[in-house]
$ cat input39.csv   # CSV, C-alpha atoms and all ligand atoms
chain,number,residue,atom,x,y,z
A,51,MET,CA,38.1,224.6,107.8
A,52,LEU,CA,40.7,224.6,110.5
A,53,GLY,CA,40.9,226.9,113.6
A,54,PRO,CA,40.4,227.0,117.3
A,55,PRO,CA,37.0,227.0,119.1
A,56,GLY,CA,35.5,230.4,118.7
A,57,ALA,CA,37.4,231.3,115.6
A,58,GLY,CA,34.2,231.6,113.6
A,59,LYS,CA,34.4,228.4,111.7
A,60,GLY,CA,30.7,227.6,112.1
A,61,THR,CA,29.5,231.1,111.1
A,62,GLN,CA,31.8,231.2,108.1
A,63,ALA,CA,31.0,227.6,107.0
A,64,GLU,CA,27.3,228.4,107.2
A,65,ARG,CA,27.6,231.5,105.1
A,66,PHE,CA,29.9,229.9,102.6
A,67,GLY,CA,27.8,226.8,102.3
A,68,ARG,CA,24.7,228.9,101.7
A,69,ARG,CA,26.4,231.1,99.1
A,70,TRP,CA,27.7,228.1,97.1
A,71,GLU,CA,24.8,225.8,97.8
A,72,ILE,CA,26.9,223.0,99.3
A,73,PRO,CA,26.3,221.3,102.6
A,74,LYS,CA,28.0,222.6,105.7
A,75,ILE,CA,29.0,219.6,107.7
A,76,SER,CA,29.7,220.4,111.4
A,77,THR,CA,30.8,217.5,113.5
A,78,GLY,CA,30.0,219.5,116.7
A,79,GLU,CA,26.5,220.0,115.5
A,80,ILE,CA,26.0,216.4,114.5
A,81,LEU,CA,27.1,215.4,118.1
A,82,ARG,CA,24.9,218.0,119.8
A,83,ASP,CA,21.9,216.8,117.7
A,84,ALA,CA,22.7,213.2,118.8
A,85,VAL,CA,22.9,214.4,122.5
A,86,ASN,CA,19.5,216.2,122.2
A,87,ALA,CA,18.0,213.1,120.5
A,88,GLY,CA,19.4,210.8,123.2
A,89,THR,CA,20.8,208.3,120.7
A,90,GLY,CA,23.6,205.9,121.6
A,91,LEU,CA,26.1,208.2,120.0
A,92,GLY,CA,24.7,211.1,122.0
A,93,LEU,CA,24.8,209.3,125.3
A,94,ARG,CA,28.5,208.3,124.7
A,95,ALA,CA,29.5,211.8,123.5
A,96,LYS,CA,27.7,213.9,126.1
A,97,ALA,CA,30.1,213.5,129.0
A,98,VAL,CA,33.2,213.8,126.7
A,99,MET,CA,31.9,217.1,125.2
A,100,ALA,CA,30.9,218.5,128.6
A,101,ARG,CA,34.5,218.1,129.8
A,102,GLY,CA,35.9,219.8,126.7
A,103,LYS,CA,37.7,216.6,125.5
A,104,LEU,CA,37.6,215.0,122.0
A,105,VAL,CA,35.2,212.2,121.0
A,106,GLY,CA,37.2,209.2,119.8
A,107,ASP,CA,38.8,209.2,116.4
A,108,ASP,CA,37.2,206.0,115.2
A,109,VAL,CA,33.7,207.3,115.9
A,110,MET,CA,34.3,210.6,114.3
A,111,ILE,CA,35.9,209.2,111.2
A,112,GLU,CA,32.9,206.8,110.6
A,113,ILE,CA,30.4,209.7,111.1
A,114,VAL,CA,32.3,211.8,108.5
A,115,ARG,CA,32.9,208.9,106.1
A,116,GLU,CA,29.2,208.1,106.0
A,117,ARG,CA,28.2,211.8,105.7
A,118,LEU,CA,30.5,212.5,102.8
A,119,GLU,CA,29.1,209.6,100.9
A,120,ARG,CA,25.6,211.0,100.8
A,121,PRO,CA,24.5,212.4,97.4
A,122,ASP,CA,24.3,216.0,98.6
A,123,ALA,CA,28.0,216.0,99.4
A,124,LEU,CA,29.3,214.5,96.2
A,125,GLY,CA,29.5,217.9,94.4
A,126,GLY,CA,31.4,219.6,97.3
A,127,PHE,CA,30.9,220.4,101.0
A,128,ILE,CA,32.4,222.5,103.7
A,129,LEU,CA,33.7,220.7,106.9
A,130,ASP,CA,33.5,222.6,110.2
A,131,GLY,CA,35.2,220.9,113.2
A,132,PHE,CA,36.8,218.0,111.4
A,133,PRO,CA,39.6,217.0,111.2
A,134,ARG,CA,40.7,217.7,114.8
A,135,THR,CA,43.6,215.2,115.1
A,136,VAL,CA,46.3,213.9,112.8
A,137,ALA,CA,44.6,210.5,112.7
A,138,GLN,CA,41.4,212.2,111.5
A,139,ALA,CA,43.4,214.2,108.9
A,140,ASN,CA,45.0,210.9,107.6
A,141,ALA,CA,41.5,209.3,107.4
A,142,LEU,CA,40.1,212.3,105.5
A,143,ASP,CA,43.0,212.1,103.0
A,144,ALA,CA,42.0,208.5,102.4
A,145,ILE,CA,38.3,209.3,102.1
A,146,MET,CA,39.2,212.1,99.6
A,147,GLU,CA,41.1,209.7,97.3
A,148,GLY,CA,39.6,210.0,93.8
A,149,ARG,CA,37.6,213.1,94.7
A,150,ASP,CA,38.3,216.8,94.1
A,151,PRO,CA,41.2,218.1,96.1
A,152,LEU,CA,40.7,219.2,99.7
A,153,ILE,CA,41.1,222.9,100.3
A,154,VAL,CA,42.2,223.7,103.8
A,155,VAL,CA,41.7,227.2,105.3
A,156,ASP,CA,43.0,227.9,108.8
A,157,ILE,CA,41.2,230.7,110.6
A,158,ALA,CA,43.8,232.1,113.0
A,159,VAL,CA,42.7,233.9,116.2
A,160,ASP,CA,44.7,234.3,119.5
A,161,ASP,CA,43.6,232.8,122.8
A,162,ALA,CA,42.7,236.1,124.5
A,163,GLU,CA,40.2,236.9,121.8
A,164,LEU,CA,38.8,233.4,121.8
A,165,ILE,CA,38.2,233.4,125.5
A,166,ARG,CA,36.4,236.8,125.2
A,167,ARG,CA,34.2,235.5,122.3
A,168,LEU,CA,33.4,232.1,123.8
A,169,GLY,CA,32.3,233.8,127.1
A,170,SER,CA,29.6,235.8,125.3
A,171,ARG,CA,28.4,233.6,122.4
A,172,THR,CA,25.0,232.0,122.5
A,173,ILE,CA,23.2,229.2,120.6
A,174,CYS,CA,19.5,228.5,120.0
A,175,GLU,CA,18.4,225.8,122.5
A,176,ASP,CA,15.8,224.5,120.0
A,177,CYS,CA,17.4,224.5,116.5
A,178,GLY,CA,21.1,224.9,117.4
A,179,ALA,CA,21.6,228.0,115.3
A,180,GLY,CA,24.6,230.2,116.2
A,181,ASP,CA,24.4,233.8,117.2
A,182,ASP,CA,25.7,235.5,114.1
A,183,ALA,CA,23.8,238.6,113.2
A,184,GLU,CA,21.6,236.9,110.6
A,185,GLU,CA,20.2,234.4,113.1
A,186,VAL,CA,19.4,236.6,116.1
A,187,ILE,CA,16.4,238.8,116.8
A,188,SER,CA,17.5,241.2,119.6
A,189,ALA,CA,15.5,241.9,122.7
A,190,PRO,CA,14.5,245.5,121.8
A,191,GLU,CA,12.7,244.1,118.8
A,192,SER,CA,10.3,242.1,120.9
A,193,ALA,CA,7.0,243.5,122.1
A,194,ALA,CA,7.7,242.7,125.7
A,195,ALA,CA,11.1,244.5,125.7
A,196,VAL,CA,9.4,247.6,124.2
A,197,ALA,CA,7.0,247.4,127.1
A,198,GLY,CA,10.0,247.5,129.5
A,199,GLN,CA,10.2,243.8,130.3
A,200,THR,CA,13.5,242.0,129.9
A,201,GLU,CA,13.1,239.1,127.4
A,202,PRO,CA,15.7,236.5,126.5
A,203,LEU,CA,17.2,236.9,123.0
A,204,ARG,CA,15.3,234.8,120.5
A,205,CYS,CA,16.5,232.8,117.4
A,206,ARG,CA,15.5,234.5,114.1
A,207,ARG,CA,15.2,231.1,112.5
A,208,CYS,CA,12.8,229.4,114.9
A,209,GLY,CA,12.0,231.8,117.8
A,210,GLY,CA,13.8,229.5,120.3
A,211,ARG,CA,15.6,230.9,123.4
A,212,LEU,CA,19.3,231.7,122.9
A,213,VAL,CA,21.4,230.2,125.7
A,214,GLN,CA,25.1,229.7,126.4
A,215,ARG,CA,26.5,226.4,125.1
A,216,THR,CA,27.2,224.2,128.1
A,217,ASP,CA,30.8,223.7,127.0
A,218,ASP,CA,31.4,227.5,126.7
A,219,ASN,CA,31.8,228.1,130.4
A,220,ALA,CA,35.2,229.4,131.5
A,221,GLU,CA,36.6,226.1,132.9
A,222,VAL,CA,35.6,224.0,129.9
A,223,VAL,CA,36.8,226.7,127.5
A,224,ARG,CA,40.3,226.5,129.1
A,225,GLU,CA,40.3,222.7,128.5
A,226,ARG,CA,39.1,223.0,124.9
A,227,LEU,CA,41.8,225.5,124.1
A,228,LYS,CA,44.4,223.2,125.7
A,229,VAL,CA,43.1,220.3,123.6
A,230,TYR,CA,43.1,222.5,120.5
A,231,HIS,CA,46.8,223.4,121.0
A,232,ARG,CA,47.8,219.9,121.7
A,233,GLU,CA,45.7,217.9,119.2
A,234,THR,CA,44.4,220.2,116.4
A,235,GLU,CA,47.0,223.0,116.0
A,236,PRO,CA,49.6,220.4,114.7
A,237,LEU,CA,47.3,220.1,111.7
A,238,VAL,CA,48.5,223.5,110.5
A,239,GLU,CA,52.0,221.9,110.2
A,240,TYR,CA,50.4,218.8,108.6
A,241,TYR,CA,48.8,220.8,105.8
A,242,HIS,CA,50.9,224.0,105.4
A,243,LEU,CA,53.1,222.8,102.6
A,244,ARG,CA,50.3,221.8,100.4
A,245,PRO,CA,49.4,224.2,97.6
A,246,THR,CA,45.8,223.9,98.6
A,247,PHE,CA,46.4,225.4,102.1
A,248,ARG,CA,45.7,229.0,103.2
A,249,SER,CA,45.6,230.8,106.5
A,250,ILE,CA,43.4,233.8,107.1
A,251,ASP,CA,43.1,236.4,110.0
A,252,GLY,CA,40.0,235.5,112.0
A,253,ALA,CA,40.3,238.4,114.4
A,254,GLN,CA,38.5,240.7,111.9
A,255,PRO,CA,34.8,241.4,111.7
A,256,PRO,CA,32.8,238.5,110.2
A,257,ASP,CA,32.3,240.2,106.8
A,258,ARG,CA,36.0,240.7,106.3
A,259,VAL,CA,36.7,237.1,107.3
A,260,ALA,CA,34.1,236.0,104.8
A,261,ASP,CA,35.8,238.1,102.1
A,262,ASP,CA,39.2,236.6,103.0
A,263,LEU,CA,37.8,233.1,103.0
A,264,ALA,CA,36.3,233.5,99.6
A,265,ALA,CA,39.5,235.0,98.2
A,266,ALA,CA,41.6,232.2,99.7
A,267,ILE,CA,39.4,229.5,98.2
A,268,GLU,CA,39.4,231.4,94.8
A,269,SER,CA,43.2,231.6,94.8
A,270,VAL,CA,43.5,227.9,95.5
A,271,GLY,CA,41.0,227.3,92.6
A,272,LYS,CA,43.1,229.5,90.3
A,273,GLY,CA,46.2,227.5,91.3
A,274,LEU,CA,44.5,224.2,90.6
A,275,ARG,CA,43.2,225.4,87.2
A,276,ALA,CA,46.7,226.5,86.3
A,277,GLY,CA,47.9,223.1,87.2
A,278,ASN,CA,49.9,224.0,90.3
A,279,ALA,CA,48.3,221.4,92.4
A,280,ALA,CA,47.6,217.9,91.4
A,281,PRO,CA,44.1,216.6,91.7
A,282,GLY,CA,43.8,214.9,95.1
A,283,GLY,CA,46.0,217.6,96.6
A,284,ALA,CA,49.8,217.5,96.5
A,285,ARG,CA,51.0,215.5,99.4
A,286,ARG,CA,54.2,215.9,101.3
B,301,LIG,P1,32.5,222.2,118.2
B,301,LIG,O1,31.0,222.6,118.0
B,301,LIG,O2,33.2,222.0,116.8
B,301,LIG,O3,33.2,223.2,119.1
B,301,LIG,O4,32.5,220.8,118.9
B,301,LIG,C1,32.0,220.6,120.2
B,301,LIG,C2,32.6,219.4,120.8
B,301,LIG,O5,32.2,218.2,120.0
B,301,LIG,C3,34.1,219.4,120.9
B,301,LIG,O6,34.6,220.0,122.0
B,301,LIG,C4,34.3,217.9,121.0
B,301,LIG,O7,34.0,217.4,122.3
B,301,LIG,C5,33.3,217.3,120.0
B,301,LIG,N1,33.8,217.2,118.6
B,301,LIG,C6,33.4,217.9,117.6
B,301,LIG,N2,34.1,217.6,116.5
B,301,LIG,C7,35.0,216.6,116.8
B,301,LIG,C8,36.0,215.9,116.2
B,301,LIG,N3,36.2,216.1,114.9
B,301,LIG,N4,36.7,215.0,116.9
B,301,LIG,C9,36.5,214.8,118.2
B,301,LIG,N5,35.5,215.5,118.9
B,301,LIG,C10,34.8,216.4,118.2
$ encode --input "input39.csv" --output "structure tokens" --more "lines below"
Ligand code: AMP
Amino acid sequence: MLGPPGAGKGTQAERFGRRWEIPKISTGEILRDAVNAGTGLGLRAKAVMARGKLVGDDVMIEIVRERLERPDALGGFILDGFPRTVAQANALDAIMEGRDPLIVVDIAVDDAELIRRLGSRTICEDCGAGDDAEEVISAPESAAAVAGQTEPLRCRRCGGRLVQRTDDNAEVVRERLKVYHRETEPLVEYYHLRPTFRSIDGAQPPDRVADDLAAAIESVGKGLRAGNAAPGGARR
């Protein structure tokens, strides 16, 4: 899944993965878990992420290569946040040799809308769940809020406190969008001539985006079944 930060890739990947019982593999989440666990990877990635920059290609490619080889990913997976550079896309093509074709869906949203969304989104500080409606229990539902006290929003999954991601503050968001336009947006050009590429409008409500995503993937599947795209994905 391609798209800028805040396009809804994580939310859509989560929903799609759950619906089709395939793992959602989010490189941002893998890195945030490593930071929270204080592993060597986490220590190296923390400062880079806090500045809105990209973690090095070699590190990211090895993480994804290893993850895609695990048994649960052999029957399919949905990738959120990878690839983010042409070098990563090249490596992913190599990893996918001999496997089912890669379907690439770009979720397009303009910068003004992304800035608005990133300024207000939250994440659970305990389990890392995003703030899509299914995960959040709103303040009025809590006993304390009913009694007139203000309570932080809580995660529906684990009850943890919902907080802003440290890289969602205005200054870092500006940098992340700059990095997106420079490093990741060229991937639309990289993939767009493949018969397995689709672009959908991410500025719609999440349910509509989910419908469009499912329809896009179904239409690629139909094309593949009709023999319009060679296994492995037609390459330019
Ligand atoms: P995300 O949750 O996808 O917005 O990712 C959060 C941060 O993790 C990014 O701003 C990067 O610093 C880092 N990151 C995630 N995925 C990648 C990747 N594929 N390549 C490089 N850095 C990444």
$ residues_around --input "input39.csv" --residues "Asp130 in chain A" --least-positions-apart "6" --cutoff "12 Å" --atoms "all atoms listed in the file" --output "JSON, numbers by chain"
{"A": [51, 52, 53, 54, 55, 56, 57, 58, 59, 60, 61, 62, 63, 64, 65, 66, 67, 73, 74, 75, 76, 77, 78, 79, 80, 114, 154, 155, 156, 157]}
$ write_last_selection --input "input39.csv" --atoms "C-alpha atoms" --output "compact mmCIF listing (two decimals), in the coordinates of the input"
# COMPACT_ATOMS: atom_id res chain seq x y z
CA MET A 51 38.10 224.60 107.80
CA LEU A 52 40.70 224.60 110.50
CA GLY A 53 40.90 226.90 113.60
CA PRO A 54 40.40 227.00 117.30
CA PRO A 55 37.00 227.00 119.10
CA GLY A 56 35.50 230.40 118.70
CA ALA A 57 37.40 231.30 115.60
CA GLY A 58 34.20 231.60 113.60
CA LYS A 59 34.40 228.40 111.70
CA GLY A 60 30.70 227.60 112.10
CA THR A 61 29.50 231.10 111.10
CA GLN A 62 31.80 231.20 108.10
CA ALA A 63 31.00 227.60 107.00
CA GLU A 64 27.30 228.40 107.20
CA ARG A 65 27.60 231.50 105.10
CA PHE A 66 29.90 229.90 102.60
CA GLY A 67 27.80 226.80 102.30
CA PRO A 73 26.30 221.30 102.60
CA LYS A 74 28.00 222.60 105.70
CA ILE A 75 29.00 219.60 107.70
CA SER A 76 29.70 220.40 111.40
CA THR A 77 30.80 217.50 113.50
CA GLY A 78 30.00 219.50 116.70
CA GLU A 79 26.50 220.00 115.50
CA ILE A 80 26.00 216.40 114.50
CA VAL A 114 32.30 211.80 108.50
CA VAL A 154 42.20 223.70 103.80
CA VAL A 155 41.70 227.20 105.30
CA ASP A 156 43.00 227.90 108.80
CA ILE A 157 41.20 230.70 110.60
$ residues_near_ligand --input "input39.csv" --ligand "ligand LIG 301 (chain B)" --cutoff "6 Å" --atoms "only C-alpha atoms and all ligand atoms" --output "PDB file with C-alpha atoms, keeping the file's coordinate frame"
ATOM      1  CA  PRO A  55      37.000 227.000 119.100  1.00  0.00           C
ATOM      2  CA  THR A  77      30.800 217.500 113.500  1.00  0.00           C
ATOM      3  CA  GLY A  78      30.000 219.500 116.700  1.00  0.00           C
ATOM      4  CA  GLU A  79      26.500 220.000 115.500  1.00  0.00           C
ATOM      5  CA  VAL A  98      33.200 213.800 126.700  1.00  0.00           C
ATOM      6  CA  MET A  99      31.900 217.100 125.200  1.00  0.00           C
ATOM      7  CA  GLY A 102      35.900 219.800 126.700  1.00  0.00           C
ATOM      8  CA  LYS A 103      37.700 216.600 125.500  1.00  0.00           C
ATOM      9  CA  LEU A 104      37.600 215.000 122.000  1.00  0.00           C
ATOM     10  CA  VAL A 105      35.200 212.200 121.000  1.00  0.00           C
ATOM     11  CA  GLY A 106      37.200 209.200 119.800  1.00  0.00           C
ATOM     12  CA  MET A 110      34.300 210.600 114.300  1.00  0.00           C
ATOM     13  CA  GLY A 131      35.200 220.900 113.200  1.00  0.00           C
ATOM     14  CA  PHE A 132      36.800 218.000 111.400  1.00  0.00           C
ATOM     15  CA  PRO A 133      39.600 217.000 111.200  1.00  0.00           C
ATOM     16  CA  ARG A 134      40.700 217.700 114.800  1.00  0.00           C
TER      17      ARG A 134
END
$ closest_residue --input "input39.csv" --among "A:Ala100, A:Leu142, A:Ala87, A:Ala276" --to "Asn219 in chain A" --atoms "all atoms listed in the file"
A:Ala100
$ residues_around --input "input39.csv" --residues "Leu237 in chain A" --least-positions-apart "6" --cutoff "8 Å" --atoms "all atoms listed in the file" --output "list in words"
Arg134, Thr135, Val136 and Ala139 of chain A
$ atom_distance --input "input39.csv" --atom1 "CA of Phe127 in chain A" --atom2 "CA of Ala84 in chain A"
20.9 Å
$ closest_residue --input "input39.csv" --among "A:Pro256, A:Asp107, A:Val223, A:Ala266" --to "Leu164 in chain A" --atoms "all atoms listed in the file"
A:Val223
$ atom_distance --input "input39.csv" --atom1 "CA of Asp122 in chain A" --atom2 "CA of Ala260 in chain A"
23.1 Å
$ closest_residue --input "input39.csv" --among "A:Val229, A:Val270, A:Ile111, A:Cys205" --to "Ser249 in chain A" --atoms "only C-alpha atoms"
A:Val270
$ closest_residue --input "input39.csv" --among "A:Leu274, A:Ala123, A:Leu81, A:Val213" --to "Gly169 in chain A" --atoms "only C-alpha atoms"
A:Val213
$ atom_distance --input "input39.csv" --atom1 "CA of Asp176 in chain A" --atom2 "CA of Ala253 in chain A"
28.7 Å
$ closest_residue --input "input39.csv" --among "A:Arg215, A:Gly180, A:Pro121, A:Ala158" --to "Val238 in chain A" --atoms "only C-alpha atoms"
A:Ala158
$ residues_around --input "input39.csv" --residues "Asp262 in chain A" --least-positions-apart "5" --cutoff "9 Å" --atoms "only C-alpha atoms" --output "list in words"
Ile250, Asp251, Asp257 and Ile267 of chain A
$ build_atoms --input "input39.csv" --residues "range 136-147 of chain A" --atoms "all heavy atoms" --output "tab-separated table (two decimals), in the frame of the given file"
chain	number	residue	atom	x	y	z
A	136	VAL	N	45.58	214.41	113.98
A	136	VAL	CA	46.30	213.90	112.80
A	136	VAL	C	45.70	212.62	112.29
A	136	VAL	O	45.61	212.41	111.08
A	136	VAL	CB	47.83	213.72	113.19
A	136	VAL	CG1	48.57	212.98	112.09
A	136	VAL	CG2	48.47	215.08	113.45
A	137	ALA	N	45.21	211.77	113.19
A	137	ALA	CA	44.60	210.50	112.70
A	137	ALA	C	43.34	210.84	111.89
A	137	ALA	O	43.09	210.18	110.86
A	137	ALA	CB	44.17	209.66	113.95
A	138	GLN	N	42.57	211.84	112.29
A	138	GLN	CA	41.40	212.20	111.50
A	138	GLN	C	41.82	212.81	110.14
A	138	GLN	O	41.18	212.56	109.12
A	138	GLN	CB	40.54	213.24	112.26
A	138	GLN	CG	39.88	212.66	113.50
A	138	GLN	CD	39.04	213.69	114.26
A	138	GLN	OE1	38.72	214.76	113.75
A	138	GLN	NE2	38.67	213.34	115.49
A	139	ALA	N	42.92	213.58	110.14
A	139	ALA	CA	43.40	214.20	108.90
A	139	ALA	C	43.86	213.07	107.92
A	139	ALA	O	43.59	213.12	106.71
A	139	ALA	CB	44.53	215.16	109.15
A	140	ASN	N	44.55	212.07	108.46
A	140	ASN	CA	45.00	210.90	107.60
A	140	ASN	C	43.76	210.23	107.03
A	140	ASN	O	43.74	209.89	105.85
A	140	ASN	CB	45.77	209.93	108.46
A	140	ASN	CG	47.22	210.35	108.61
A	140	ASN	OD1	47.83	210.84	107.67
A	140	ASN	ND2	47.78	210.16	109.79
A	141	ALA	N	42.75	210.00	107.86
A	141	ALA	CA	41.50	209.30	107.40
A	141	ALA	C	40.84	210.15	106.33
A	141	ALA	O	40.34	209.62	105.33
A	141	ALA	CB	40.61	209.04	108.57
A	142	LEU	N	40.81	211.47	106.53
A	142	LEU	CA	40.10	212.30	105.50
A	142	LEU	C	40.88	212.28	104.20
A	142	LEU	O	40.25	212.24	103.13
A	142	LEU	CB	40.08	213.78	106.06
A	142	LEU	CG	39.32	214.78	105.19
A	142	LEU	CD1	37.87	214.34	104.96
A	142	LEU	CD2	39.36	216.17	105.80
A	143	ASP	N	42.21	212.25	104.24
A	143	ASP	CA	43.00	212.10	103.00
A	143	ASP	C	42.55	210.82	102.27
A	143	ASP	O	42.37	210.81	101.05
A	143	ASP	CB	44.47	212.08	103.26
A	143	ASP	CG	45.04	213.48	103.44
A	143	ASP	OD1	44.40	214.45	102.96
A	143	ASP	OD2	46.11	213.60	104.06
A	144	ALA	N	42.38	209.75	103.03
A	144	ALA	CA	42.00	208.50	102.40
A	144	ALA	C	40.58	208.56	101.85
A	144	ALA	O	40.32	208.10	100.73
A	144	ALA	CB	42.09	207.35	103.45
A	145	ILE	N	39.67	209.19	102.59
A	145	ILE	CA	38.30	209.30	102.10
A	145	ILE	C	38.25	210.16	100.83
A	145	ILE	O	37.45	209.92	99.93
A	145	ILE	CB	37.41	210.03	103.21
A	145	ILE	CG1	37.24	209.11	104.42
A	145	ILE	CG2	36.06	210.45	102.66
A	145	ILE	CD1	36.62	209.79	105.65
A	146	MET	N	39.16	211.14	100.72
A	146	MET	CA	39.20	212.10	99.60
A	146	MET	C	39.86	211.50	98.33
A	146	MET	O	39.85	212.15	97.28
A	146	MET	CB	39.79	213.40	99.96
A	146	MET	CG	39.01	214.18	101.00
A	146	MET	SD	37.31	214.53	100.51
A	146	MET	CE	37.58	215.70	99.18
A	147	GLU	N	40.49	210.35	98.46
A	147	GLU	CA	41.10	209.70	97.30
A	147	GLU	C	40.12	209.63	96.15
A	147	GLU	O	39.00	209.15	96.36
A	147	GLU	CB	41.63	208.32	97.62
A	147	GLU	CG	42.89	208.26	98.45
A	147	GLU	CD	44.14	208.70	97.69
A	147	GLU	OE1	44.12	208.64	96.45
A	147	GLU	OE2	45.10	209.11	98.37
